[in-house]
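Text of the file run-v2.cif, holding mmCIF, C-alpha atoms:
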data_model
#
loop_
_atom_site.label_atom_id
_atom_site.label_comp_id
_atom_site.auth_asym_id
_atom_site.auth_seq_id
_atom_site.Cartn_x
_atom_site.Cartn_y
_atom_site.Cartn_z
CA MET A 41 190.09 60.58 109.51
CA SER A 42 191.61 60.11 106.10
CA ASP A 43 188.41 58.30 105.12
CA ALA A 44 186.37 61.39 105.98
CA ILE A 45 188.70 63.57 103.94
CA SER A 46 188.54 61.12 101.04
CA ARG A 47 184.73 61.19 101.16
CA LEU A 48 184.77 64.99 101.30
CA HIS A 49 187.16 65.10 98.34
CA ALA A 50 184.93 62.75 96.34
CA ALA A 51 181.89 64.94 97.05
CA VAL A 52 183.77 68.13 96.09
CA THR A 53 185.04 66.45 92.92
CA ARG A 54 181.46 65.52 91.97
CA VAL A 55 180.42 69.16 92.39
CA ALA A 56 183.47 70.30 90.40
CA ARG A 57 182.42 68.14 87.43
CA THR A 58 179.18 70.07 87.06
CA ALA A 59 180.70 73.37 88.27
CA ASN A 60 177.36 75.01 88.70
CA GLY A 61 174.59 75.26 91.22
CA PRO A 62 173.82 77.20 94.35
CA SER A 63 175.99 75.25 96.77
CA ARG A 64 178.84 76.88 98.65
CA THR A 65 181.25 74.41 97.07
CA ALA A 66 180.08 75.19 93.53
CA ARG A 67 180.35 78.92 94.15
CA LEU A 68 183.83 78.54 95.60
CA LEU A 69 184.98 76.41 92.66
CA GLN A 70 183.55 78.96 90.21
CA SER A 71 185.29 81.84 92.00
CA GLY A 72 188.73 80.72 90.87
CA ARG A 73 191.89 79.48 92.50
CA ALA A 74 192.92 82.85 93.93
CA LYS A 75 189.66 83.06 95.90
CA MET A 76 190.07 79.45 97.05
CA ALA A 77 193.58 80.22 98.27
CA LYS A 78 192.34 83.35 100.04
CA LYS A 79 189.67 81.35 101.86
CA LEU A 80 192.31 78.83 102.91
CA VAL A 81 194.49 81.60 104.37
CA GLU A 82 191.48 83.11 106.17
CA GLU A 83 190.59 79.79 107.78
CA ALA A 84 194.22 79.17 108.81
CA ALA A 85 194.30 82.60 110.43
CA GLU A 86 191.08 81.83 112.32
CA VAL A 87 192.51 78.55 113.61
CA THR A 88 195.65 80.38 114.70
CA LEU A 89 193.81 83.19 116.49
CA ASP A 90 191.49 80.77 118.26
CA ALA A 91 194.47 78.66 119.35
CA VAL A 92 196.25 81.70 120.75
CA GLY A 93 193.04 82.55 122.59
CA GLY A 94 192.85 79.04 124.00
CA ASP A 95 189.40 78.34 122.53
CA LYS A 96 189.57 74.59 121.88
CA ALA A 97 186.00 74.27 120.53
CA ALA A 98 186.60 77.11 118.06
CA VAL A 99 189.89 75.54 116.93
CA ILE A 100 188.04 72.31 116.21
CA ARG A 101 185.31 74.10 114.22
CA GLU A 102 187.75 76.27 112.29
CA SER A 103 190.03 73.29 111.62
CA ALA A 104 187.11 71.55 109.93
CA ASP A 105 186.60 74.68 107.79
CA LEU A 106 190.32 74.73 106.99
CA ILE A 107 190.26 71.10 105.89
CA TYR A 108 187.15 71.73 103.76
CA ASN A 109 188.79 74.68 101.97
CA LEU A 110 192.05 72.76 101.50
CA THR A 111 190.09 69.88 99.99
CA VAL A 112 188.31 72.23 97.56
CA LEU A 113 191.68 73.60 96.44
CA TRP A 114 193.06 70.07 96.03
CA ALA A 115 190.06 69.09 93.88
CA ASP A 116 190.50 72.18 91.71
CA MET A 117 194.17 71.34 91.18
CA GLY A 118 193.59 67.64 90.51
CA ILE A 119 195.26 66.58 93.76
CA ALA A 120 193.85 63.52 95.50
CA PRO A 121 194.16 63.07 99.26
CA GLU A 122 196.26 59.97 98.55
CA ASP A 123 198.85 62.23 96.87
CA VAL A 124 199.25 64.08 100.16
CA TRP A 125 199.27 60.87 102.21
CA ASP A 126 202.02 59.53 99.93
CA GLU A 127 204.09 62.65 100.59
CA MET A 128 203.53 62.30 104.31
CA ASP A 129 204.65 58.66 104.12
CA ARG A 130 207.76 59.70 102.19
CA ARG A 131 208.62 62.30 104.82
CA GLU A 132 208.07 59.82 107.62
CA ARG A 133 210.53 57.43 105.99
CA LEU A 134 213.11 60.23 105.68
CA TYR A 135 212.69 62.16 108.91
CA GLY A 136 210.38 60.31 111.27
CA LEU A 137 206.76 60.83 112.08
CA ALA A 138 206.96 64.10 114.01
CA GLU A 139 209.45 65.91 111.81
CA LYS A 140 208.85 68.47 109.10
CA LEU A 141 210.60 68.43 105.76
CA GLN A 142 213.93 70.21 106.09
CA LYS A 143 214.52 73.47 104.30
CA GLY A 144 217.07 73.33 101.49
CA PRO A 145 218.26 70.48 99.29
CA VAL A 146 217.86 66.95 100.60
CA ALA A 147 219.32 63.85 98.98
CA VAL A 148 216.59 61.30 98.44
CA SER A 149 217.56 57.78 97.49
CA GLY A 150 215.29 55.37 95.68
CA ARG A 151 213.02 58.00 94.08
#

Write out the structure in this file as structure tokens.
Amino acid sequence: MSDAISRLHAAVTRVARTANGPSRTARLLQSGRAKMAKKLVEEAAEVTLDAVGGDKAAVIRESADLIYNLTVLWADMGIAPEDVWDEMDRRERLYGLAEKLQKGPVAVSGR
């Protein structure tokens, strides 16, 4: 999966370099970060509502939209997917694979 996200990120980054054109990605990039963030929240809400409703196919479709919009935001901010994978690896080393980063200060050795 990370390969698909990396390919998507590369394609979005190519569009971002020209920052014009009729594509949805170009329009979203031109709309500014606030609009990108709003789209991300909208897609997350759709995933959530579909999950509560038990609609597995809709969750899959909306999750793809969520990942697309997250990737557009990453590209706009100069974040590569590998930056996120590195953070996930760091968290796995600290807390295990299925744990979320704890709230509050955490002592991290070696970094």

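Residue nearest Ile119 of chain A, chosen from A:Ala104, A:Val92, A:Ala66, A:Val52 and counting only C-alpha atoms: A:Val52.
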
Taking the file as I've supplied it (selection: the PyMOL selection byres ((chain A and resi 86) around 10)), which residues are included? Please answer as a ChimeraX atom specification.
/A:80-85,87-92,98-99,101-103,105-106

Point-to-point distance from atom CA of Arg57 of chain A to atom CA of Val112 of chain A, Å rounded to tenths:
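It comes out at 12.4 Å.
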
Among the residues A:Thr53, A:Ser71, A:Thr58, A:Thr65, the one that comes closest to Met117 of chain A [using all atoms listed in the file]
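Of A:Thr53, A:Ser71, A:Thr58, A:Thr65, the one nearest Met117 of chain A, counting all atoms listed in the file, is A:Thr53.
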
Within 12 Å of Asp123 of chain A, counting all atoms listed in the file, which residues qualify if same-chain residues fewer than 5 places away don't, as a list in words?
Ser42, Ser46, Trp114, Ala115, Met117, Gly118, Met128, Asp129 and Arg130 of chain A

One-decimal distance in Å that lies between atom CA of Arg73 of chain A and atom CA of Pro121 of chain A
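Atom CA of Arg73 of chain A lies at a distance of 17.9 Å from atom CA of Pro121 of chain A.
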
Which value, in Å to one decimal, gives the distance between atom CA of Ala97 of chain A and atom CA of Thr111 of chain A?
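Between atom CA of Ala97 of chain A and atom CA of Thr111 of chain A the gap is 21.4 Å.
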
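Across A:Asp116, A:Glu122, A:Glu132, A:Glu127, the tightest approach to Lys75 of chain A is made by A:Asp116 when counting only C-alpha atoms.
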